[in-house]
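The block underneath contains the structure these notes are about, expressed in structure tokens.
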Amino acid sequence: MGNSSGKNSSVSPSLQGSTISSRRTFIIGVIDVQNDFCEGGALAVKDANSTIARINKLRFIYANIMKTFISQDYHPPNHMSFAKTHGKKEFSKEKLRIIMEDGITLEIEQSMWPVHCVKETFGAELHADLIATKKDILVRKGTDRNVESYSAFGDEYRGKYENTLLNRKLKELSITDIVLTGIATDYCVYYTALDALRYGYMVHLILSCTRGVAEDTTENALSDMKLKGVLFYDTIDDFYDYYDKLTSI
Ligand code: VGL
Ligand code: ZN
């Protein structure tokens, strides 16, 4: 801190606020807005489509201020999270023993999903209505058949088996705050938020821009995120007010 903090102590509280905000750099995160999670998809999340126009609006409002990263669930056809891969019942939970490339055997409990987001298929594509540009940071995850990565940062082992390099990219951009949106609140959004906190980012979740697979898991995910320090906003307008206060002198 040194000199600059000495200087700050003499300015008015509002100016101090703007100094603090200028040290923060926000990015919008859009999780898995893909055809298979939208209406008619293989793992359709109820009302997922209603988030798309809102996410676009958020992007539009902050187009000159915030970059965007977009994640894509992107599985091989025989991925370990597919019920079909193991001949199991969809939406059950199964104990799996997986021998990893490094020789370590992992014993995990894995949700058995319908086949979804298979790489290079329509289901894995981003929904056509979602604004996505070449300038966005795109990360793909779940690309190794033995690894589940709900989080846009990588697997649950701090990215030991799959690391999307998202953390490195965000640190390179000096990102401090992530405005999180997308699908599904109780899985990929949740795990992305937890990793983001772990890596030292502040996380802002806009509830109107996210939808969950099931009610009970969504409730649990929301209360856990709240407990761990994720900031919640009901609507984009609520986030707008927060950001406006933060940046106004
Ligand atoms: C997701 C279940 C399986 C998600 C991905 O994007 O939340 N959920 N794979
Ligand atoms: Zn998946």
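Chain labels follow the order of the structure tokens: the first chain is A, the next B, and so on; residue numbering restarts at 1 in every chain, and ligands are counted from 1 in their shown order.
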Could you give me, as CSV, a per-residue list for chain A showing, wherever an atom lies at most 10 Å from an atom of ligand 1, the closest pair of atoms and their distance in Å to one decimal, using only C-alpha atoms and all ligand atoms and sorting by chain then residue number from low to high?
```
residue,atom,partner,partner_atom_place_in_ligand_line,distance
A:Ile31,CA,ligand 1,6 (O),6.9
A:Asp32,CA,ligand 1,6 (O),5.2
A:Val33,CA,ligand 1,6 (O),7.9
A:Gln34,CA,ligand 1,6 (O),8.4
A:Asp36,CA,ligand 1,6 (O),9.3
A:Phe37,CA,ligand 1,6 (O),7.2
A:Leu43,CA,ligand 1,2 (C),7.7
A:Ala44,CA,ligand 1,8 (N),9.7
A:Val45,CA,ligand 1,7 (O),9.0
A:Ser71,CA,ligand 1,6 (O),8.8
A:Gln72,CA,ligand 1,6 (O),7.8
A:Asp73,CA,ligand 1,5 (C),5.9
A:Tyr74,CA,ligand 1,9 (N),8.8
A:His75,CA,ligand 1,9 (N),8.9
A:Ser81,CA,ligand 1,3 (C),7.3
A:Phe82,CA,ligand 1,3 (C),8.7
A:Phe91,CA,ligand 1,2 (C),9.8
A:Ser111,CA,ligand 1,3 (C),8.1
A:Met112,CA,ligand 1,3 (C),8.6
A:Trp113,CA,ligand 1,3 (C),6.3
A:Pro114,CA,ligand 1,3 (C),8.5
A:Val115,CA,ligand 1,3 (C),9.1
A:His116,CA,ligand 1,9 (N),7.4
A:Cys117,CA,ligand 1,9 (N),7.9
A:Lys141,CA,ligand 1,5 (C),9.2
A:Gly142,CA,ligand 1,9 (N),8.1
A:Glu148,CA,ligand 1,9 (N),8.0
A:Ser149,CA,ligand 1,9 (N),7.9
A:Tyr150,CA,ligand 1,5 (C),5.7
A:Ser151,CA,ligand 1,6 (O),8.5
A:Ala152,CA,ligand 1,6 (O),9.3
A:Gly182,CA,ligand 1,6 (O),8.3
A:Ile183,CA,ligand 1,7 (O),5.3
A:Ala184,CA,ligand 1,7 (O),3.8
A:Thr185,CA,ligand 1,7 (O),6.7
A:Asp186,CA,ligand 1,7 (O),6.7
A:Tyr187,CA,ligand 1,7 (O),4.2
A:Cys188,CA,ligand 1,7 (O),3.7
A:Val189,CA,ligand 1,7 (O),6.3
A:Tyr190,CA,ligand 1,7 (O),8.1
A:Tyr191,CA,ligand 1,7 (O),8.7
A:Thr192,CA,ligand 1,7 (O),9.6
A:Arg211,CA,ligand 1,7 (O),9.3
A:Gly212,CA,ligand 1,7 (O),7.7
A:Val213,CA,ligand 1,8 (N),7.6
```
May I have the residues from that selection written out with C-alpha atoms, as an mmCIF file, in the first residue's frame?
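result.cif was written with the following content:
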```
data_model
loop_
_atom_site.group_PDB
_atom_site.id
_atom_site.type_symbol
_atom_site.label_atom_id
_atom_site.label_comp_id
_atom_site.auth_asym_id
_atom_site.auth_seq_id
_atom_site.Cartn_x
_atom_site.Cartn_y
_atom_site.Cartn_z
ATOM 1 C CA ILE A 31 -21.912 -20.566 -18.362
ATOM 2 C CA ASP A 32 -23.043 -23.295 -20.770
ATOM 3 C CA VAL A 33 -25.843 -21.553 -22.692
ATOM 4 C CA GLN A 34 -25.893 -24.463 -25.124
ATOM 5 C CA ASP A 36 -28.730 -29.259 -24.988
ATOM 6 C CA PHE A 37 -29.490 -27.244 -21.851
ATOM 7 C CA LEU A 43 -30.714 -32.116 -20.760
ATOM 8 C CA ALA A 44 -33.126 -29.216 -21.027
ATOM 9 C CA VAL A 45 -33.251 -26.955 -17.993
ATOM 10 C CA SER A 71 -17.980 -21.719 -21.250
ATOM 11 C CA GLN A 72 -19.111 -24.742 -23.172
ATOM 12 C CA ASP A 73 -19.695 -28.240 -21.811
ATOM 13 C CA TYR A 74 -17.932 -30.290 -24.465
ATOM 14 C CA HIS A 75 -17.910 -34.056 -24.003
ATOM 15 C CA SER A 81 -20.960 -38.610 -16.815
ATOM 16 C CA PHE A 82 -23.318 -40.279 -19.297
ATOM 17 C CA PHE A 91 -30.330 -39.070 -13.090
ATOM 18 C CA SER A 111 -24.480 -38.103 -11.409
ATOM 19 C CA MET A 112 -25.588 -40.112 -14.411
ATOM 20 C CA TRP A 113 -26.701 -37.661 -17.070
ATOM 21 C CA PRO A 114 -28.424 -38.221 -20.370
ATOM 22 C CA VAL A 115 -25.977 -37.957 -23.251
ATOM 23 C CA HIS A 116 -25.500 -34.202 -23.708
ATOM 24 C CA CYS A 117 -23.175 -31.628 -25.234
ATOM 25 C CA LYS A 141 -14.609 -28.355 -20.430
ATOM 26 C CA GLY A 142 -15.403 -32.009 -19.822
ATOM 27 C CA GLU A 148 -16.030 -34.237 -15.084
ATOM 28 C CA SER A 149 -15.571 -30.490 -15.004
ATOM 29 C CA TYR A 150 -18.694 -28.657 -13.951
ATOM 30 C CA SER A 151 -16.595 -25.564 -13.313
ATOM 31 C CA ALA A 152 -15.431 -23.353 -16.161
ATOM 32 C CA GLY A 182 -25.940 -19.064 -17.315
ATOM 33 C CA ILE A 183 -26.898 -22.679 -16.792
ATOM 34 C CA ALA A 184 -27.183 -24.625 -14.567
ATOM 35 C CA THR A 185 -27.399 -22.820 -11.231
ATOM 36 C CA ASP A 186 -27.006 -26.071 -9.280
ATOM 37 C CA TYR A 187 -24.097 -27.529 -11.275
ATOM 38 C CA CYS A 188 -21.865 -25.603 -13.620
ATOM 39 C CA VAL A 189 -22.698 -22.127 -12.318
ATOM 40 C CA TYR A 190 -22.331 -23.351 -8.729
ATOM 41 C CA TYR A 191 -18.964 -25.062 -9.255
ATOM 42 C CA THR A 192 -17.668 -22.125 -11.273
ATOM 43 C CA ARG A 211 -31.718 -21.426 -14.055
ATOM 44 C CA GLY A 212 -31.254 -24.749 -12.248
ATOM 45 C CA VAL A 213 -31.828 -28.415 -13.114
#
```
Give me, as a tab-separated table, the closest atom pair and its distance (Å, one decimal) for every residue of stretch 159-227 of chain A within a cut-off of 10 Å of stretch 60-69 of chain A, counting only C-alpha atoms, rows sorted by chain and rising number.
```
residue	atom	partner	partner_atom	distance
A:Leu166	CA	A:Phe69	CA	8.6
A:Lys169	CA	A:Phe69	CA	9.9
A:Leu170	CA	A:Phe69	CA	9.2
A:Leu173	CA	A:Lys67	CA	9.5
A:Ile175	CA	A:Lys67	CA	9.6
A:Ile178	CA	A:Thr68	CA	9.3
A:Val179	CA	A:Thr68	CA	9.2
A:Leu180	CA	A:Phe69	CA	9.7
```
Write out, as a PDB file, in the first residue's frame, the residues just selected, with C-alpha atoms.
```pdb
ATOM      1  CA  LEU A 166      -9.468 -19.616 -17.403  1.00  0.00           C
ATOM      2  CA  LYS A 169      -6.423 -15.698 -18.510  1.00  0.00           C
ATOM      3  CA  LEU A 170      -8.435 -13.764 -15.951  1.00  0.00           C
ATOM      4  CA  LEU A 173      -6.465  -9.320 -17.470  1.00  0.00           C
ATOM      5  CA  ILE A 175      -9.865  -9.392 -13.292  1.00  0.00           C
ATOM      6  CA  ILE A 178     -16.973 -11.991 -12.064  1.00  0.00           C
ATOM      7  CA  VAL A 179     -20.595 -11.260 -12.964  1.00  0.00           C
ATOM      8  CA  LEU A 180     -21.920 -14.766 -13.304  1.00  0.00           C
TER       9      LEU A 180
END
```
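Distances from A:Arg23, A:Val139, A:Ile28, A:Asp144 to A:His204 were compared using only C-alpha atoms, and the smallest one belongs to A:Ile28.
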- Identify which of the residues A:Leu207, A:Arg24, A:Arg54, A:Leu194 lies closest to A:Asp224, counting only C-alpha atoms when measuring atom-to-atom distances. A:Leu194
- Query: What lies within 7 Å of A:Ser208 using only C-alpha atoms, ignoring chain neighbours under 5 positions off, as a list in words?
  - Reply: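 Using only C-alpha atoms, the neighbours found are Thr51, Asp234 and Thr235 of chain A.
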- Task: Go through stretch 16-249 of chain A and collect every residue that DSSP, computed from the backbone, puts in strand (DSSP E); the answer should be as a ChimeraX atom specification.
- Result: /A:26-31,67-73,93-99,105-111,137-141,177-183,202-211,231-233
- Could you find all residues in stretch 130-186 of chain A that DSSP calls helix (DSSP H, G or I) from the backbone, and write them as a list in words?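 Checking each residue of stretch 130-186 of chain A, the helix (DSSP H, G or I) ones are Leu166, Asn167, Arg168, Lys169, Leu170, Lys171 and Glu172 of chain A.
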- Message: With distances taken over only C-alpha atoms and all ligand atoms, which residue among A:Leu96, A:Thr143, A:Glu107, A:Ala48 lies nearest ligand 2?
- Response: A:Thr143
